[in-house]
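Shown next: target01.cif, containing mmCIF, C-alpha atoms.
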data_start
loop_
_atom_site.label_atom_id
_atom_site.label_comp_id
_atom_site.auth_asym_id
_atom_site.auth_seq_id
_atom_site.Cartn_x
_atom_site.Cartn_y
_atom_site.Cartn_z
CA SER A 1 -35.46 -59.62 22.08
CA GLN A 2 -32.94 -56.83 21.61
CA THR A 3 -31.91 -55.50 18.22
CA ASP A 4 -28.46 -54.15 17.60
CA VAL A 5 -28.28 -50.62 16.24
CA GLN A 6 -27.04 -50.36 12.68
CA SER A 7 -23.73 -48.67 12.04
CA GLY A 8 -24.28 -44.97 11.45
CA PHE A 9 -27.63 -44.93 13.27
CA TYR A 10 -28.63 -43.74 16.75
CA THR A 11 -31.35 -45.05 19.06
CA THR A 12 -34.57 -43.11 19.65
CA GLY A 13 -37.59 -43.14 21.96
CA GLY A 14 -37.89 -44.11 25.61
CA THR A 15 -34.89 -43.55 27.85
CA GLU A 16 -31.28 -44.46 27.48
CA ILE A 17 -32.10 -47.99 28.66
CA THR A 18 -35.54 -48.39 27.02
CA ARG A 19 -34.96 -47.31 23.41
CA THR A 20 -37.72 -48.18 20.97
CA GLY A 21 -36.20 -47.41 17.58
CA GLN A 22 -33.30 -46.09 15.57
CA ALA A 23 -32.70 -43.23 13.14
CA GLU A 24 -30.11 -42.50 10.50
CA CYS A 25 -27.34 -40.11 11.64
CA GLU A 26 -27.78 -36.74 9.93
CA ALA A 27 -25.07 -34.67 8.24
CA GLY A 28 -23.26 -32.57 10.83
CA TYR A 29 -23.28 -35.42 13.35
CA TYR A 30 -21.67 -38.79 13.81
CA CYS A 31 -23.12 -41.81 15.55
CA PRO A 32 -20.81 -44.29 17.29
CA GLY A 33 -22.47 -47.10 19.22
CA GLY A 34 -26.01 -45.78 18.67
CA VAL A 35 -25.32 -42.33 20.15
CA LYS A 36 -25.66 -39.11 18.10
CA LEU A 37 -22.86 -36.63 18.75
CA ASP A 38 -22.04 -33.19 17.36
CA CYS A 39 -19.38 -33.50 14.71
CA GLY A 40 -16.94 -31.70 17.02
CA ALA A 41 -14.48 -28.82 16.84
CA VAL A 42 -14.53 -26.41 13.92
CA ASP A 43 -11.78 -28.38 12.16
CA LYS A 44 -14.07 -31.43 11.94
CA PHE A 45 -16.95 -32.04 9.53
CA CYS A 46 -19.48 -34.80 8.94
CA PRO A 47 -20.57 -34.62 5.31
CA GLY A 48 -23.06 -37.45 4.93
CA THR A 49 -25.54 -39.64 6.71
CA GLN A 50 -24.60 -42.74 8.69
CA GLN A 51 -21.29 -41.17 9.76
CA THR A 52 -19.57 -43.07 12.57
CA SER A 53 -16.61 -40.68 13.04
CA PRO A 54 -15.84 -37.08 12.12
CA THR A 55 -13.55 -36.12 9.23
CA THR A 56 -10.67 -33.70 9.82
CA ALA A 57 -10.46 -30.77 7.38
CA GLN A 58 -7.49 -30.71 5.04
CA ALA A 59 -4.76 -28.10 5.37
CA GLY A 60 -5.73 -25.04 3.35
CA PHE A 61 -9.45 -25.79 3.65
CA TYR A 62 -12.18 -24.41 5.93
CA THR A 63 -15.31 -26.15 7.18
CA THR A 64 -18.78 -25.12 6.05
CA GLY A 65 -22.43 -25.68 6.86
CA GLY A 66 -24.20 -26.16 10.17
CA THR A 67 -22.68 -24.54 13.24
CA GLU A 68 -19.10 -24.53 14.48
CA ALA A 69 -19.86 -27.86 16.15
CA THR A 70 -21.90 -29.43 13.33
CA ARG A 71 -20.02 -28.67 10.12
CA THR A 72 -21.13 -30.62 7.05
CA GLY A 73 -18.40 -29.94 4.48
CA GLU A 74 -15.11 -28.29 3.62
CA THR A 75 -14.04 -25.78 0.93
CA GLN A 76 -10.60 -24.88 -0.32
CA CYS A 77 -9.42 -21.48 0.90
CA GLU A 78 -9.92 -18.84 -1.78
CA ALA A 79 -7.23 -16.45 -3.02
CA GLY A 80 -6.64 -13.54 -0.64
CA HIS A 81 -7.16 -15.80 2.37
CA TYR A 82 -5.44 -18.52 4.33
CA CYS A 83 -7.05 -21.33 6.30
CA SER A 84 -5.60 -22.38 9.63
CA GLY A 85 -7.42 -24.85 11.86
CA ALA A 86 -10.19 -25.00 9.23
CA VAL A 87 -11.00 -21.28 9.74
CA LYS A 88 -10.77 -18.86 6.80
CA VAL A 89 -8.86 -15.63 7.53
CA GLN A 90 -7.92 -12.73 5.25
CA CYS A 91 -4.26 -12.48 4.33
CA PRO A 92 -2.82 -9.77 6.61
CA ALA A 93 -2.27 -6.26 5.29
CA GLY A 94 1.16 -6.07 3.68
CA THR A 95 0.92 -9.61 2.26
CA PHE A 96 -0.89 -11.08 -0.72
CA GLY A 97 -2.43 -14.45 -1.44
CA ASN A 98 -2.67 -15.17 -5.15
CA SER A 99 -2.88 -18.93 -4.66
CA PRO A 100 -5.87 -20.93 -3.41
CA GLY A 101 -5.42 -23.33 -0.52
CA LEU A 102 -2.96 -21.25 1.53
CA SER A 103 -2.53 -22.40 5.12
CA THR A 104 -0.30 -19.82 6.87
CA ALA A 105 -0.49 -16.09 7.59
CA ALA A 106 2.56 -15.56 5.35
CA CYS A 107 0.21 -16.22 2.40
CA ASP A 108 2.22 -15.82 -0.82
CA GLY A 109 4.69 -13.45 0.80
CA PRO A 110 5.17 -9.75 1.46
CA CYS A 111 3.69 -7.20 -0.91
CA PRO A 112 6.38 -6.34 -3.48
CA ALA A 113 7.92 -2.87 -3.46
CA GLY A 114 5.97 -0.44 -5.64
CA TYR A 115 2.65 -2.04 -4.70
CA TYR A 116 0.36 -2.14 -1.68
CA CYS A 117 -1.74 -4.92 -0.25
CA PRO A 118 -4.70 -4.25 2.07
CA ALA A 119 -5.95 -7.18 4.12
CA GLY A 120 -7.44 -9.86 1.87
CA THR A 121 -5.44 -8.91 -1.23
CA ALA A 122 -5.17 -11.59 -3.89
CA GLY A 123 -2.96 -9.61 -6.29
CA PRO A 124 -0.75 -6.63 -5.34
CA LEU A 125 -2.19 -3.23 -6.27
CA ASP A 126 -0.30 -0.48 -8.07
CA CYS A 127 0.88 2.03 -5.48
CA GLY A 128 -0.49 5.03 -7.36
CA ASP A 129 -3.60 3.59 -9.02
CA ALA A 130 -6.50 5.90 -8.15
CA THR A 131 -9.14 3.59 -9.66
CA LEU A 132 -8.61 1.07 -6.86
CA CYS A 133 -9.97 3.58 -4.35
CA VAL A 134 -13.53 2.67 -5.32
CA GLN A 135 -12.80 -1.05 -5.29
CA HIS A 136 -11.62 -0.90 -1.71
CA GLY A 137 -14.44 1.25 -0.38
CA CYS A 138 -12.30 4.34 0.02
CA ALA A 139 -11.09 3.00 3.33
CA VAL A 140 -7.42 2.99 2.45
CA ARG A 141 -6.70 6.70 2.08
CA GLY A 142 -9.91 8.58 2.87
CA LEU A 143 -9.69 10.57 -0.34
CA CYS A 144 -13.00 9.48 -1.81
CA VAL A 145 -16.34 11.22 -1.72
CA ALA A 146 -19.31 8.84 -1.67
CA THR A 147 -18.49 6.20 -4.29
CA HIS A 148 -15.99 8.01 -6.51
CA CYS A 149 -12.39 9.06 -6.39
CA PRO A 150 -10.85 12.39 -7.29
CA PRO A 151 -9.51 12.44 -10.86
CA THR A 152 -5.91 12.26 -9.66
CA LEU A 153 -4.14 11.27 -6.47
CA PRO A 154 -0.89 12.77 -5.24
CA PRO A 155 2.11 10.58 -6.04
CA ARG A 156 2.71 7.89 -3.44
CA PHE A 157 5.34 5.28 -2.68
CA CYS A 158 5.15 1.74 -1.36
CA PRO A 159 8.10 -0.10 0.19
CA GLU A 160 8.05 -3.88 0.35
CA GLY A 161 5.31 -5.16 2.65
CA ALA A 162 3.13 -2.04 2.44
CA GLY A 163 -0.48 -2.44 3.53
CA VAL A 164 -1.31 1.13 2.48
CA PRO A 165 0.54 3.61 0.26
CA SER A 166 2.61 6.38 1.85
CA ASP A 167 2.22 10.02 0.89
CA VAL A 168 5.36 11.78 -0.25
CA GLN A 169 6.64 14.58 1.98
CA GLU A 170 6.83 18.05 0.54
CA GLY A 171 10.37 18.67 -0.67
CA TYR A 172 10.76 14.98 -1.55
CA TYR A 173 10.21 12.98 -4.74
CA THR A 174 9.36 9.33 -5.39
CA THR A 175 12.05 6.88 -6.45
CA PRO A 176 13.46 5.13 -8.37
CA LEU A 177 12.94 7.55 -11.26
CA GLY A 178 13.33 4.80 -13.87
CA VAL A 179 10.17 3.06 -12.63
CA ALA A 180 6.60 4.01 -13.58
CA ALA A 181 5.19 6.67 -11.25
CA ALA A 182 2.49 4.22 -10.09
CA ASN A 183 5.12 1.77 -8.80
CA ARG A 184 7.64 3.86 -6.88
CA GLU A 185 9.23 2.25 -3.81
CA SER A 186 10.59 5.09 -1.71
CA GLU A 187 11.19 8.82 -1.46
CA ALA A 188 14.31 10.99 -1.55
CA GLN A 189 14.95 14.55 -0.49
CA CYS A 190 15.04 17.02 -3.35
CA GLU A 191 18.61 17.89 -4.29
CA ALA A 192 19.82 21.47 -4.45
CA GLY A 193 19.00 22.97 -7.84
CA TYR A 194 15.61 21.26 -7.92
CA PHE A 195 12.26 21.69 -6.19
CA CYS A 196 9.89 18.84 -5.34
CA HIS A 197 6.11 19.22 -5.08
CA ASN A 198 3.58 16.37 -4.86
CA GLY A 199 6.40 13.86 -5.22
CA VAL A 200 7.66 15.22 -8.54
CA ARG A 201 11.17 16.65 -8.97
CA SER A 202 11.56 19.63 -11.31
CA GLU A 203 14.49 21.83 -12.27
CA CYS A 204 14.52 25.08 -10.36
CA GLY A 205 14.15 27.23 -13.46
CA GLU A 206 15.82 30.38 -14.77
CA PHE A 207 16.16 33.44 -12.53
CA GLN A 208 15.46 31.23 -9.50
CA TRP A 209 17.38 29.17 -6.96
CA CYS A 210 16.57 26.08 -4.91
CA ALA A 211 18.29 24.81 -1.79
CA ALA A 212 18.03 21.10 -0.95
CA GLY A 213 14.61 19.88 0.23
CA VAL A 214 12.49 22.79 -1.01
CA SER A 215 8.99 22.43 -2.47
CA SER A 216 9.06 25.63 -4.52
CA PRO A 217 11.76 27.81 -6.08
CA THR A 218 12.85 31.22 -4.82
CA VAL A 219 13.17 34.12 -7.25
CA VAL A 220 16.59 35.77 -7.31
CA LYS A 221 16.32 39.34 -6.01
CA PRO A 222 17.67 42.31 -7.95
CA GLY A 223 21.31 42.86 -7.02
CA GLU A 224 21.91 39.13 -6.46
CA TYR A 225 23.03 36.34 -8.74
CA SER A 226 22.46 32.59 -8.57
CA THR A 227 25.25 30.08 -7.96
CA PRO A 228 27.15 28.00 -8.70
CA THR A 229 27.75 29.75 -12.01
CA SER A 230 29.19 26.48 -13.38
CA ALA A 231 25.75 24.83 -13.11
CA PRO A 232 23.07 25.23 -15.77
CA ALA A 233 21.02 28.39 -15.27
CA THR A 234 17.98 26.25 -14.47
CA ARG A 235 19.68 24.36 -11.62
CA ARG A 236 21.18 26.99 -9.35
CA GLU A 237 21.43 26.25 -5.62
CA ALA A 238 22.04 29.55 -3.82
CA VAL A 239 22.40 33.33 -4.25
CA VAL A 240 25.23 35.77 -3.64
CA GLN A 241 25.19 39.56 -3.42
CA CYS A 242 26.57 41.22 -6.48
CA GLU A 243 30.16 42.32 -5.79
CA ALA A 244 31.55 45.79 -6.41
CA GLY A 245 32.44 46.24 -10.08
CA TYR A 246 29.49 44.13 -11.19
CA TYR A 247 25.76 44.56 -11.67
CA CYS A 248 23.18 41.78 -11.31
CA THR A 249 19.77 41.47 -12.97
CA GLU A 250 17.54 38.41 -13.39
CA GLY A 251 20.01 36.37 -11.36
CA VAL A 252 22.94 36.98 -13.72
CA ARG A 253 26.15 38.80 -12.79
CA GLN A 254 27.72 41.07 -15.43
CA PRO A 255 30.89 43.19 -15.21
CA CYS A 256 30.42 46.95 -15.43
CA PRO A 257 30.80 48.19 -19.01
CA ALA A 258 33.80 50.27 -20.00
CA GLY A 259 33.56 53.86 -18.79
CA VAL A 260 31.39 53.20 -15.75
CA PHE A 261 31.84 51.44 -12.41
CA THR A 262 30.22 50.83 -9.03
CA ALA A 263 32.05 50.62 -5.74
CA GLN A 264 28.96 49.29 -3.96
CA THR A 265 27.60 45.76 -3.72
CA SER A 266 24.14 44.46 -4.64
CA GLN A 267 23.78 46.85 -7.57
CA THR A 268 21.55 46.41 -10.58
CA LYS A 269 23.47 48.86 -12.73
CA CYS A 270 26.82 50.63 -12.85
CA SER A 271 26.11 54.36 -12.60
CA ASP A 272 29.43 55.87 -11.56
CA LYS A 273 31.56 57.33 -14.36
CA CYS A 274 35.25 56.69 -14.45
#

As a first step, turn the structure in this file into structure tokens.
Amino acid sequence: SQTDVQSGFYTTGGTEITRTGQAECEAGYYCPGGVKLDCGAVDKFCPGTQQTSPTTAQAGFYTTGGTEATRTGETQCEAGHYCSGAVKVQCPAGTFGNSPGLSTAACDGPCPAGYYCPAGTAGPLDCGDATLCVQHGCAVRGLCVATHCPPTLPPRFCPEGAGVPSDVQEGYYTTPLGVAAANRESEAQCEAGYFCHNGVRSECGEFQWCAAGVSSPTVVKPGEYSTPTSAPATRREAVVQCEAGYYCTEGVRQPCPAGVFTAQTSQTKCSDKC
């Protein structure tokens, strides 16, 4: 006489029409009507024995165990990743995923301004934090040697959605100035009267002048004076040749003293007697 196969079992031995026994369906497979089948696509899993149909993975989970066709379980997507179609993927560069169980490539949103987010970032990273270079295998900026970072990194800026920090151009400084240097969002050209090197804006200094966008000051030559004279002596923007009747030293114009004069320009002293 024939014996019906138990639910969750498959027939064994002989041929398809001369089976001699049955066996319990293993994890990773399901067994409808006495036939053992792979659990299915990667979004399906069969966690236990005697399974008669596959289980679909939940949104924000990925399947585990076995092969892509014989998954045995599911796990919630970890922070820094999202799970679509039961496959775990790193959050794209320029986004972050601080929450577990994310299910779209948007993750938790774009990296905030002043921070950067390499692929797989759980929490945004300070734009200018040199210690993170080691953590990320020195792949972000190529500034590391072996397994260590240089003691300091040049100032950088990170607009919203940055996957890597941006180096500041020479003659520019990081902004906004009211924010910590490690969390600057953009860069601005150095204004006249200042010079900008390595992303830092400094006053031009006495006896010097700075046009807009310069990375170092220029010393005022003898016979010239810095302008505008209404600006502080440390923030002059240009130079002018000393006019007749004046002498100019260390960037300052002075009228000729009583009893002497000069009819020439660009003089450093008044040597003609009245």

Margin query: Quick check on the file I pasted: which residues fall under the PyMOL selection byres ((chain A and resi 35) around 10)? Write them as number ranges by chain.
Written below: A: 5, 8-12, 16, 22, 25, 29-34, 36-37, 52

(Q) Would you pick out the contacts of Val200 (chain A) at 8 Å or less, using only C-alpha atoms, so that residues sharing its chain but fewer than 6 positions from it are not included, and give the list as a PyMOL selection string? (A) chain A and resi 155+172-174

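Between CA of Glu26 (chain A) and CA of Ala69 (chain A) the separation is 13.4 Å.
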
What separates CA of Cys46 (chain A) and CA of Ala27 (chain A) is a distance of 5.6 Å

note - CA of Gln90 (chain A) and CA of Glu78 (chain A) are separated by 9.5 Å

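Evaluated on this file, the PyMOL selection byres ((chain A and resi 196) around 7) matches Glu170, Gly171, Tyr172, Tyr173, Cys190, Tyr194, Phe195, His197, Asn198, Gly199, Val200, Arg201, Ser202, Val214, Ser215 and Ser216 of chain A.
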
Q.
Please expand the PyMOL selection byres ((chain A and resi 257-267) around 6) into the concrete residues it hits in this file, giving the result as an NGL selection string.
A. :A and (223 or 241-245 or 247 or 256 or 268-270 or 272-274)

Next on the checklist: From (-1.0, -14.5, 6.4), in the file's coordinates, out to 7 Å: which residues are reached, counting all atoms listed in the file? Answer as a list of chain:residue names.
Outcome noted: A:Tyr82, A:Cys91, A:Pro92, A:Thr95, A:Thr104, A:Ala105, A:Ala106, A:Cys107

Asp108 (chain A) proximity check over A:Gly66, A:Gly123, A:Ser166, A:Gln58, using only C-alpha atoms: winner is A:Gly123

Checklist line | Distance query Ser103 (chain A) at most 10 Å, only C-alpha atoms, self and fewer than 3 positions along chain excluded, as a VMD selection string | finding: chain A and resid 58 to 62 77 81 to 89 100 106 to 107

Could you please take those selected residues and save C-alpha atoms as a tab-separated table (two decimals), in the frame of the given file?
chain	number	residue	atom	x	y	z
A	58	GLN	CA	-7.49	-30.71	5.04
A	59	ALA	CA	-4.76	-28.10	5.37
A	60	GLY	CA	-5.73	-25.04	3.35
A	61	PHE	CA	-9.45	-25.79	3.65
A	62	TYR	CA	-12.18	-24.41	5.93
A	77	CYS	CA	-9.42	-21.48	0.90
A	81	HIS	CA	-7.16	-15.80	2.37
A	82	TYR	CA	-5.44	-18.52	4.33
A	83	CYS	CA	-7.05	-21.33	6.30
A	84	SER	CA	-5.60	-22.38	9.63
A	85	GLY	CA	-7.42	-24.85	11.86
A	86	ALA	CA	-10.19	-25.00	9.23
A	87	VAL	CA	-11.00	-21.28	9.74
A	88	LYS	CA	-10.77	-18.86	6.80
A	89	VAL	CA	-8.86	-15.63	7.53
A	100	PRO	CA	-5.87	-20.93	-3.41
A	106	ALA	CA	2.56	-15.56	5.35
A	107	CYS	CA	0.21	-16.22	2.40

Will you model N, CA and C atoms for region 93-120 of chain A and pass it back as an mmCIF file, in the coordinates of the input?
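Heads up, here's the output in out03.cif:
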data_model
loop_
_atom_site.group_PDB
_atom_site.id
_atom_site.type_symbol
_atom_site.label_atom_id
_atom_site.label_comp_id
_atom_site.auth_asym_id
_atom_site.auth_seq_id
_atom_site.Cartn_x
_atom_site.Cartn_y
_atom_site.Cartn_z
ATOM 1 N N ALA A 93 -2.723 -7.415 6.056
ATOM 2 C CA ALA A 93 -2.270 -6.260 5.290
ATOM 3 C C ALA A 93 -0.750 -6.318 5.143
ATOM 4 N N GLY A 94 -0.274 -5.993 3.949
ATOM 5 C CA GLY A 94 1.160 -6.070 3.680
ATOM 6 C C GLY A 94 1.596 -7.383 3.075
ATOM 7 N N THR A 95 0.652 -8.341 2.954
ATOM 8 C CA THR A 95 0.920 -9.610 2.260
ATOM 9 C C THR A 95 -0.124 -9.788 1.180
ATOM 10 N N PHE A 96 0.109 -10.760 0.306
ATOM 11 C CA PHE A 96 -0.890 -11.080 -0.720
ATOM 12 C C PHE A 96 -1.016 -12.593 -0.832
ATOM 13 N N GLY A 97 -2.176 -13.024 -1.288
ATOM 14 C CA GLY A 97 -2.430 -14.450 -1.440
ATOM 15 C C GLY A 97 -3.041 -14.743 -2.796
ATOM 16 N N ASN A 98 -2.191 -14.938 -3.792
ATOM 17 C CA ASN A 98 -2.670 -15.170 -5.150
ATOM 18 C C ASN A 98 -3.042 -16.624 -5.393
ATOM 19 N N SER A 99 -2.650 -17.499 -4.478
ATOM 20 C CA SER A 99 -2.880 -18.930 -4.660
ATOM 21 C C SER A 99 -4.025 -19.409 -3.783
ATOM 22 N N PRO A 100 -4.862 -20.321 -4.290
ATOM 23 C CA PRO A 100 -5.870 -20.930 -3.410
ATOM 24 C C PRO A 100 -5.228 -21.968 -2.505
ATOM 25 N N GLY A 101 -5.882 -22.268 -1.400
ATOM 26 C CA GLY A 101 -5.420 -23.330 -0.520
ATOM 27 C C GLY A 101 -4.253 -22.963 0.368
ATOM 28 N N LEU A 102 -4.052 -21.654 0.646
ATOM 29 C CA LEU A 102 -2.960 -21.250 1.530
ATOM 30 C C LEU A 102 -3.296 -21.620 2.979
ATOM 31 N N SER A 103 -2.263 -21.913 3.763
ATOM 32 C CA SER A 103 -2.530 -22.400 5.120
ATOM 33 C C SER A 103 -1.782 -21.633 6.210
ATOM 34 N N THR A 104 -1.004 -20.599 5.847
ATOM 35 C CA THR A 104 -0.300 -19.820 6.870
ATOM 36 C C THR A 104 -0.515 -18.331 6.622
ATOM 37 N N ALA A 105 -0.296 -17.530 7.678
ATOM 38 C CA ALA A 105 -0.490 -16.090 7.590
ATOM 39 C C ALA A 105 0.534 -15.419 6.676
ATOM 40 N N ALA A 106 1.588 -16.124 6.298
ATOM 41 C CA ALA A 106 2.560 -15.560 5.350
ATOM 42 C C ALA A 106 1.947 -15.438 3.966
ATOM 43 N N CYS A 107 0.881 -16.187 3.719
ATOM 44 C CA CYS A 107 0.210 -16.220 2.400
ATOM 45 C C CYS A 107 1.246 -16.440 1.308
ATOM 46 N N ASP A 108 1.227 -15.640 0.234
ATOM 47 C CA ASP A 108 2.220 -15.820 -0.820
ATOM 48 C C ASP A 108 3.443 -14.951 -0.622
ATOM 49 N N GLY A 109 3.514 -14.248 0.507
ATOM 50 C CA GLY A 109 4.690 -13.450 0.800
ATOM 51 C C GLY A 109 4.372 -11.982 0.964
ATOM 52 N N PRO A 110 5.394 -11.182 1.270
ATOM 53 C CA PRO A 110 5.170 -9.750 1.460
ATOM 54 C C PRO A 110 4.812 -9.062 0.153
ATOM 55 N N CYS A 111 4.049 -7.999 0.263
ATOM 56 C CA CYS A 111 3.690 -7.200 -0.910
ATOM 57 C C CYS A 111 4.970 -6.673 -1.546
ATOM 58 N N PRO A 112 5.140 -6.818 -2.862
ATOM 59 C CA PRO A 112 6.380 -6.340 -3.480
ATOM 60 C C PRO A 112 6.482 -4.819 -3.449
ATOM 61 N N ALA A 113 7.701 -4.317 -3.436
ATOM 62 C CA ALA A 113 7.920 -2.870 -3.460
ATOM 63 C C ALA A 113 7.275 -2.278 -4.705
ATOM 64 N N GLY A 114 6.663 -1.098 -4.529
ATOM 65 C CA GLY A 114 5.970 -0.440 -5.640
ATOM 66 C C GLY A 114 4.497 -0.779 -5.692
ATOM 67 N N TYR A 115 4.054 -1.618 -4.763
ATOM 68 C CA TYR A 115 2.650 -2.040 -4.700
ATOM 69 C C TYR A 115 2.194 -1.991 -3.244
ATOM 70 N N TYR A 116 0.870 -2.033 -3.046
ATOM 71 C CA TYR A 116 0.360 -2.140 -1.680
ATOM 72 C C TYR A 116 -0.693 -3.218 -1.618
ATOM 73 N N CYS A 117 -0.858 -3.777 -0.432
ATOM 74 C CA CYS A 117 -1.740 -4.920 -0.250
ATOM 75 C C CYS A 117 -2.569 -4.744 1.018
ATOM 76 N N PRO A 118 -3.808 -4.252 0.898
ATOM 77 C CA PRO A 118 -4.700 -4.250 2.070
ATOM 78 C C PRO A 118 -4.998 -5.687 2.491
ATOM 79 N N ALA A 119 -5.574 -5.842 3.665
ATOM 80 C CA ALA A 119 -5.950 -7.180 4.120
ATOM 81 C C ALA A 119 -6.865 -7.843 3.094
ATOM 82 N N GLY A 120 -6.602 -9.112 2.805
ATOM 83 C CA GLY A 120 -7.440 -9.860 1.870
ATOM 84 C C GLY A 120 -7.056 -9.676 0.419
#
